[in-house]
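Visitor: I have a structure I would like to understand better, so I am pasting it below and will then ask my questions one at a time.
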Protein chains: 2
Amino acid sequence: MLRRDVFQAIADPTRREIIGMLAHKSLNINNVADEFAISRPAISKHMKILTECGLVTITKQGRENYCHADFGKLKEVADWTARYQKFWTEKLDALGAFLDLENEQNIDKNPDKS
Amino acid sequence: MLRRDVFQAIADPTRREIIGMLAHKSLNINNVADEFAISRPAISKHMKILTECGLVTITKQGRENYCHADFGKLKEVADWTARYQKFWTEKLDALGAFLDLENEQNIDKNPDKS
DNA sequence: TATATTTGTAACCGATCGGTTACTTATTCC
DNA sequence: GGAATAAGTAACCGATCGGTTACAAATATA
């Protein structure tokens, strides 16, 4: 497996839009492609990237491939941003806030790797 | 202005590491470059991307350029992931959860655009 | 003043990205 | 069986990415 990076997967606005669509309802590839100006193969490629990083799972139903969003992988992103949340929610000294956060969560020596 | 996308900016693991470093302490370009195996101009390019999207600001001090992280822009990412938070925090029916979220936050018709 | 330090940037490189068209395969419907 | 539908994939394209080396400019230091 290629073990795609979820940060890289959500970097593209089209893919973020796809995730939003699938939150409402599971759709097959053509259903998704109909909502965009780009071609079906282009959507198919985006979907491959989303499945490779675990953001989307596909279940085959006859000749149709239904795509479901799997939001668990999005937690990885939320957790990363949460490290710095205090910096925008409170007007604290930045260094102090970070050290507080580090203490609370007891994160490892190198918390900034991916 | 190029008006860089913060999602694209944080897609690169090196840039995420830089953000983590600047959370501890403001540093000049060489300080940052010393922590990586890649060249100084490469770091300089990463820093340009980070400043273009507002994640980093630079203050000139003599011949040194001090880089400070600006976490406000990270809220944009946190807000996007928060739309789907219920999907991983609770074991609810996915459609129901999304509609609840939509109701609470009263987000616009097309909440999935970037 | 001469030299060292900090930085930006230009030119280049190979790889990847996001898209296309064309073709194939599998399934469903008449 | 034959036609239509859904989807994967290969080949190609131009642009961007992430890196390099080389050079220039500004500031600090001896």
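Chain labels A, B, ... are given in the sequence in which chains occur in the structure tokens; within each chain residues are numbered consecutively from 1, and ligands are likewise numbered from 1 in the order shown.
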With a distance cut-off of 8 Å and only C-alpha atoms (C1' of nucleotides), select the neighbouring residues of range 7-16 of chain D, excluding the residue or stretch itself and same-chain residues fewer than 3 positions from it, and output the selection as a PyMOL selection string.
Guide: (chain A and resi 29+63-65) or (chain C and resi 17+20)
Visitor: As a PyMOL selection string, list the residues of range 10-70 of chain B assigned to helix (DSSP H, G or I) by DSSP on the backbone atoms of this structure.
Guide: chain B and resi 13-24+29-34+40-52
Visitor: Within 9 Å of chain B, which residues of chain D show up? Give each one with its shortest atom-to-atom distance in Å (one decimal) and the two atoms involved, counting only C-alpha atoms (C1' of nucleotides), rows by chain then rising residue number, as a Markdown table.
Guide:
```
| residue | atom | partner | partner_atom | distance |
| --- | --- | --- | --- | --- |
| D:DG18 | C1' | B:Ala42 | CA | 7.6 |
| D:DG19 | C1' | B:Ala42 | CA | 6.6 |
| D:DT20 | C1' | B:Ser39 | CA | 8.1 |
| D:DA26 | C1' | B:Arg63 | CA | 6.9 |
| D:DT27 | C1' | B:Arg63 | CA | 5.0 |
| D:DA28 | C1' | B:Arg63 | CA | 7.8 |
```
Visitor: Between B:Trp80, B:Phe71, B:Tyr66, B:Phe7, which one has atoms that come closest to chain C, using only C-alpha atoms (C1' of nucleotides)?
Guide: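 Using only C-alpha atoms (C1' of nucleotides), the shortest distance to chain C belongs to B:Tyr66.
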Visitor: Compute the chain C side of the contact with chain A at 8 Å, counting only C-alpha atoms (C1' of nucleotides), and hand it back as a PyMOL selection string.
Guide: chain C and resi 18-19+26-28
Visitor: Could you check which of A:Gln61, A:Arg83, A:Ala78, A:Ile43 is closest to chain B, using only C-alpha atoms?
Guide: A:Ala78
Visitor: Among range 16-94 of chain B, which residues does DSSP mark as strand (DSSP E or B) when it is run on the backbone? Keep the chain and numbering as in the structure and answer as JSON, numbers by chain.
Guide: {"B": [27, 28, 56, 57, 58, 59, 60, 61, 64, 65, 66, 67, 68, 69]}
